[in-house]
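K.L.:
Got a structure for you, written out below as structure tokens; questions coming shortly.
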Amino acid sequence: ASPVLLVFAALGCLVSAGVQVMCGKTMGSGDKKGTNACFTVSVVLWAGISVVGLIAVLGFTDPICTLLGAGEQGPNNPVFDLTKDYLRGFIIGAPAFLAAQIMVPYMQISGSRVRLVVAVALMTVGDILFDILNVTVIKQGTFGMGLASSVSYYIAFLIGLVYFFKKNCIFKFRIKLVTGRVCARLLGDGVIARSEER
């Protein structure tokens with residue numbers, strides 16, 4: 001199931017890298033409108049990728065499992081059902097996983113590094129505890145393991161989300177600032193930043 005996770009991770013890294021570059025430029029030049037445009041577009045991209053990803057994985061779980069190497073569904077192939085169960089449990093947390101990646105540069109820029117560390121620490125501890133809970137109490141198999149990861153992602157997401165609802169948050173969601181040009185710029189900056197890292 002790792003390739004599915006890697007697709008979301010790659011898209012999250014792309015948007016996150018774009019945010020680092022674009023927000024760095026707009027904040028450095030004192031362009032509040034540009035900063036808010038960057039933030040708003042990144043939220044819209046997150047929502048779009050999440051919806052499309054959920055529909056794709058939930059709607060085409062069987063062929064995806066086959067593509068991942070789990071073979072065809074059948075009574076003599078338990079690997080297929082295990083893969084399918086895990087994907088269904090994991091995909092529930094994909095929006096939170098993606099959001100957490102995109103939040104990282106905003107947390108760093110705003111100086112909320114402690115919140116970021118706490119979110120990652122609680123996500124890790126939560127994942128371990130929910131895995132143990134699934135094995136010992138809930139006993140939902142691989143679906144439960146995927147769901148445990150999903151819940152831990154939402155813990156990190158909610159911890160980070162609190163900042164964006166504070167009065168002193170420097171990032172404002174303004175839907176009127178969403179344009180194709182801003183979206184293209186953010187994604188373009190992300191592609192360039194990722195290629196330079198390599």
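So you can find residues: chains in the structure tokens are A, B, ... in the order shown, residues in each start at 1, and ligands are numbered from 1 in order.
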Could you give me, as a Markdown table, a per-residue list for stretch 6-108 of chain A showing, wherever an atom lies at most 12 Å from an atom of stretch 117-125 of chain A, the closest pair of atoms and their distance in Å to one decimal, using only C-alpha atoms and sorting by chain then residue number from low to high?
P.N.:
| residue | atom | partner | partner_atom | distance |
| --- | --- | --- | --- | --- |
| A:Gly93 | CA | A:Met123 | CA | 12.0 |
| A:Ala96 | CA | A:Met123 | CA | 11.1 |
| A:Phe97 | CA | A:Met123 | CA | 10.4 |
| A:Ala100 | CA | A:Ala119 | CA | 9.1 |
| A:Gln101 | CA | A:Val120 | CA | 10.8 |
| A:Met103 | CA | A:Ala119 | CA | 10.9 |
| A:Val104 | CA | A:Val117 | CA | 10.2 |
| A:Met107 | CA | A:Val117 | CA | 10.0 |
| A:Gln108 | CA | A:Val117 | CA | 10.6 |
K.L.:
Restricting the output to all heavy atoms, write the selected residues as a compact mmCIF listing (two decimals), in the first residue's frame.
P.N.:
# COMPACT_ATOMS: atom_id res chain seq x y z
N GLY A 93 -7.67 8.83 6.55
CA GLY A 93 -6.76 9.82 7.12
C GLY A 93 -5.95 10.59 6.09
O GLY A 93 -5.17 11.48 6.46
N ALA A 96 -6.04 14.44 6.31
CA ALA A 96 -5.28 14.96 7.45
C ALA A 96 -3.78 14.83 7.22
O ALA A 96 -3.00 15.72 7.57
CB ALA A 96 -5.69 14.21 8.73
N PHE A 97 -3.36 13.72 6.63
CA PHE A 97 -1.94 13.49 6.31
C PHE A 97 -1.44 14.59 5.36
O PHE A 97 -0.38 15.18 5.57
CB PHE A 97 -1.79 12.11 5.66
CG PHE A 97 -0.42 11.84 5.10
CD1 PHE A 97 0.63 11.53 5.94
CD2 PHE A 97 -0.19 11.90 3.74
CE1 PHE A 97 1.90 11.27 5.42
CE2 PHE A 97 1.07 11.64 3.21
CZ PHE A 97 2.11 11.33 4.05
N ALA A 100 -1.41 18.06 7.10
CA ALA A 100 -0.28 18.19 8.03
C ALA A 100 1.00 18.57 7.29
O ALA A 100 1.78 19.40 7.76
CB ALA A 100 -0.08 16.88 8.79
N GLN A 101 1.20 17.99 6.10
CA GLN A 101 2.38 18.34 5.30
C GLN A 101 2.36 19.80 4.87
O GLN A 101 3.37 20.50 4.92
CB GLN A 101 2.44 17.46 4.05
CG GLN A 101 2.94 16.05 4.31
CD GLN A 101 3.15 15.32 3.00
OE1 GLN A 101 2.19 15.06 2.28
NE2 GLN A 101 4.37 15.00 2.69
N MET A 103 0.76 22.22 6.28
CA MET A 103 0.82 23.12 7.44
C MET A 103 2.24 23.40 7.90
O MET A 103 2.50 24.45 8.49
CB MET A 103 0.06 22.50 8.62
CG MET A 103 -1.43 22.62 8.57
SD MET A 103 -2.11 21.86 10.07
CE MET A 103 -3.85 22.10 9.79
N VAL A 104 3.14 22.47 7.66
CA VAL A 104 4.51 22.58 8.19
C VAL A 104 5.17 23.93 7.86
O VAL A 104 5.67 24.61 8.77
CB VAL A 104 5.38 21.39 7.74
CG1 VAL A 104 6.85 21.64 8.06
CG2 VAL A 104 4.92 20.11 8.40
N MET A 107 3.61 26.72 9.89
CA MET A 107 3.99 26.65 11.31
C MET A 107 5.41 27.20 11.51
O MET A 107 5.67 27.93 12.46
CB MET A 107 3.95 25.19 11.79
CG MET A 107 2.60 24.53 11.77
SD MET A 107 1.55 24.96 13.18
CE MET A 107 0.59 26.27 12.48
N GLN A 108 6.30 26.86 10.57
CA GLN A 108 7.68 27.34 10.66
C GLN A 108 7.75 28.86 10.47
O GLN A 108 8.43 29.56 11.21
CB GLN A 108 8.54 26.63 9.63
CG GLN A 108 8.72 25.15 9.91
CD GLN A 108 9.41 24.40 8.78
OE1 GLN A 108 9.32 24.78 7.62
NE2 GLN A 108 10.10 23.32 9.12
K.L.:
Need the shell around stretch 143-151 of chain A: protein/DNA/RNA residues with any atom at most 10 Å away, counting only C-alpha atoms. Skip same-chain ones fewer than 5 positions apart. Format as a ChimeraX atom specification?
P.N.:
/A:81-97,123-124,126-135,138,156-157
K.L.:
Return the single residue from A:Arg115, A:Lys25, A:Lys176, A:Lys33 that is closest to A:Phe164, with distances computed using only C-alpha atoms.
P.N.:
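For A:Phe164, the nearest of the given residues is A:Arg115.
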K.L.:
Using the chain letters and numbers from this document, which residues of stretch 1-115 of chain A does DSSP assign to alpha helix (DSSP H), as an NGL selection string?
P.N.:
:A and (2-28 or 32-59 or 61-65 or 78-91 or 94-109 or 113-115)
K.L.:
Name the closest residue to A:Val44 among the candidates A:Ile155, A:Leu5, A:Leu177, A:Ala193; distances are taken between atoms, counting only C-alpha atoms.
P.N.:
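The closest residue to A:Val44 is A:Leu177.
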K.L.:
One decimal, in Å: what's the spacing between atom CA of A:Val178 and atom CA of A:Ser112?
P.N.:
25.6 Å
K.L.:
Atom CA of A:Val57 to atom CA of A:Asn77: how many Å, to one decimal?
P.N.:
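If I compute the distance from atom CA of A:Val57 to atom CA of A:Asn77, I get 20.3 Å.
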K.L.:
Of the candidates A:Tyr153, A:Phe60, A:Phe80, A:Phe173, which one gets nearest to A:Ala99 if we count only C-alpha atoms?
P.N.:
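Among the listed residues, the smallest separation from A:Ala99 belongs to A:Tyr153.
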K.L.:
Give me, please, the distance in Å between atom CA of A:Ala9 and atom CA of A:Arg185, quoted to one decimal.
P.N.:
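Between these atoms lies a distance of 20.1 Å.
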K.L.:
Counting only C-alpha atoms, figure out which residue out of A:Ser110, A:Thr40, A:Ser50, A:Val191 gets nearest to A:Asn168.
P.N.:
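For A:Asn168, the nearest of the given residues is A:Ser110.
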K.L.:
For A:Gly30, which residue out of A:Ile159, A:Val52, A:Ile170, A:Leu187 is the nearest one, using only C-alpha atoms?
P.N.:
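Nearest candidate to A:Gly30 out of A:Ile159, A:Val52, A:Ile170, A:Leu187: A:Ile170.
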K.L.:
Which residue gives the smallest distance to A:Val51 among A:Leu98, A:Ala70, A:Leu186, A:Ala17, with only C-alpha atoms counted?
P.N.:
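Closest to A:Val51, using only C-alpha atoms: A:Leu98.
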